[in-house]
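**Q** Here it is: the structure, laid out below.
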Amino acid sequence: MPITYDQRDSCILEDFGLPDPTEPGWERFSNGAFRRVDGQGVYDPRTVWQAPHTNGRLLAHLMDDWVGGSAYVTVVGQPFITQRIYYADVAKTQMMASVSYTRNANQQCTQKVTRVYASDGVTVTATCTETFTFDANGFANGVSRVIS
């Protein structure tokens with residue numbers, strides 16, 4: 001069968017019912033679900049926000065890499081955003097995660113605090129605080145990250 005234009009831009013993963021992947025960095029589609037492995041073990045990337053699985057890199061980039069495309073979002077502050085809240089439901093009653101931004105007089109982000117909530121939507125299961133520093137000319141010159 002010839003490949004159509006639409007097929008060239010996609011990837012089809014077949015489900016062969018294989019066991020979970022075993023090596024960090026691997027991902028497998030098995031028994032109708034995606035399974036990923038990192039240094040802390042195997043997890044389902046669709047429910048990572050409900051679990052205590054808190055890989056620092058995952059938490060720091062959660063909003064951009066995963067939650068951003070599958071959640072209902074409330075954004076506060078325009079044009080400079082001060083907060084984003086990600087909900088699991090359209091009624092926005094169950095928080096998945098939130099990101100708060102602190103800005104300096106030049107509206108540069110000096111601190112970003114990401115919180116991930118348990119499945120109750122209230123209890124914070126992990127927090128990532130990133131602090132950004134700038135030189136006298138306003139150029140970013142450092143970042144620190146604390147996961148708790």
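Chain labels A, B, ... are given in the sequence in which chains occur in the structure tokens; within each chain residues are numbered consecutively from 1, and ligands are likewise numbered from 1 in the order shown.
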Show which residues sit within 6 Å of Ile85 in chain A, as a list in words. Count only C-alpha atoms, and ignore same-chain residues fewer than 4 positions away.

**A** Val73, Thr74 and Ser98 of chain A

**Q** Excluding Thr93 in chain A and its own-chain neighbours fewer than 3 positions away, which residues fall within 10 Å of it when counting only C-alpha atoms? Please give them as a PyMOL selection string.

**A** chain A and resi 87-90+96+120-122

**Q** Quick one: write out the picked residues with C-alpha atoms as a tab-separated table (two decimals), in the first residue's frame?

**A**
chain	number	residue	atom	x	y	z
A	87	TYR	CA	-6.94	20.88	36.04
A	88	ALA	CA	-7.90	17.28	35.28
A	89	ASP	CA	-11.56	18.10	34.63
A	90	VAL	CA	-13.46	20.59	32.53
A	96	MET	CA	-3.20	18.47	38.60
A	120	ASP	CA	-7.45	14.58	45.46
A	121	GLY	CA	-6.47	17.81	43.70
A	122	VAL	CA	-5.47	19.46	46.98

**Q** Using only C-alpha atoms, which residues sit within 7 Å of Thr131 in chain A once same-chain residues fewer than 4 positions away are excluded, as a list in words?

**A**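 So the residues in contact are Thr110, Gln111, Lys112, Val143, Ser144 and Arg145 of chain A.
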
**Q** Go ahead and write the selection's residues with N, CA and C atoms as a PDB file, in the first residue's frame.

**A**
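Now in again-v8.pdb:
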ATOM      1  N   THR A 110      12.086  35.722  37.776  1.00  0.00           N
ATOM      2  CA  THR A 110      13.167  35.476  38.733  1.00  0.00           C
ATOM      3  C   THR A 110      12.955  34.192  39.514  1.00  0.00           C
ATOM      4  N   GLN A 111      11.713  33.719  39.562  1.00  0.00           N
ATOM      5  CA  GLN A 111      11.444  32.457  40.247  1.00  0.00           C
ATOM      6  C   GLN A 111      10.219  31.785  39.620  1.00  0.00           C
ATOM      7  N   LYS A 112      10.332  30.465  39.451  1.00  0.00           N
ATOM      8  CA  LYS A 112       9.238  29.653  38.923  1.00  0.00           C
ATOM      9  C   LYS A 112       9.028  28.510  39.896  1.00  0.00           C
ATOM     10  N   VAL A 143      20.857  29.662  37.102  1.00  0.00           N
ATOM     11  CA  VAL A 143      19.603  29.069  37.527  1.00  0.00           C
ATOM     12  C   VAL A 143      19.900  28.027  38.588  1.00  0.00           C
ATOM     13  N   SER A 144      19.076  27.976  39.593  1.00  0.00           N
ATOM     14  CA  SER A 144      19.187  26.923  40.604  1.00  0.00           C
ATOM     15  C   SER A 144      17.834  26.251  40.702  1.00  0.00           C
ATOM     16  N   ARG A 145      17.861  24.968  41.075  1.00  0.00           N
ATOM     17  CA  ARG A 145      16.629  24.187  41.141  1.00  0.00           C
ATOM     18  C   ARG A 145      16.607  23.391  42.428  1.00  0.00           C
TER      19      ARG A 145
END

**Q** Give the answer as one residue: which of A:Arg84, A:Arg28, A:Arg35, A:Arg115 has the shortest atom-to-atom distance to Asp15 in chain A, using only C-alpha atoms?

**A**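 Smallest distance to Asp15 in chain A is found for A:Arg28.
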
**Q** Could you check how far CA of Asn137 in chain A sits from CA of Phe80 in chain A, in Å to one decimal?

**A**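 Distance reported for this atom pair: 20.3 Å.
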
**Q** List as a list in words the protein and nucleic acid residues near Cys109 in chain A, meaning an atom at most 10 Å away when only C-alpha atoms are counted, but skip any in the same chain fewer than 6 places from it.

**A** Phe80, Ile81, Thr82, Ser100, Tyr101, Thr102, Arg103, Glu130, Thr131, Phe132, Thr133, Phe134 and Ala140 of chain A

**Q** Keeping only C-alpha atoms, write those residues as a compact mmCIF listing (two decimals), in the first residue's frame.

**A**
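Output file result09.txt is given in full below:
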# COMPACT_ATOMS: atom_id res chain seq x y z
CA PHE A 80 3.19 38.69 31.71
CA ILE A 81 1.84 35.48 33.17
CA THR A 82 2.04 35.14 36.95
CA SER A 100 3.68 30.42 39.77
CA TYR A 101 6.04 33.04 38.37
CA THR A 102 7.73 35.87 40.28
CA ARG A 103 9.00 38.74 38.13
CA GLU A 130 13.66 27.32 40.05
CA THR A 131 15.44 30.61 40.76
CA PHE A 132 16.86 32.64 37.87
CA THR A 133 19.55 35.33 38.20
CA PHE A 134 20.47 38.11 35.78
CA ALA A 140 20.33 35.49 32.41

**Q** Quote the spacing between CA of Glu14 in chain A and CA of Phe29 in chain A in Å to one decimal place.

**A**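 So the answer is 7.2 Å.
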
**Q** Find the residues near range 19-24 of chain A: any atom within 7 Å, counting only C-alpha atoms, skip ones fewer than 6 places away on the same chain, and give them as a PyMOL selection string.

**A** chain A and resi 35-39

**Q** Just checking: using only C-alpha atoms, which residue out of A:Val113, A:Asn106, A:Ser119, A:Val99 ends up closest to Ala136 in chain A?

**A**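 Under the stated criterion, the closest residue is A:Asn106.
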
**Q** To one decimal place, how far is CA of Thr114 in chain A from CA of Thr127 in chain A in Å?

**A**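 Interatomic distance, CA of Thr114 in chain A to CA of Thr127 in chain A: 5.6 Å.
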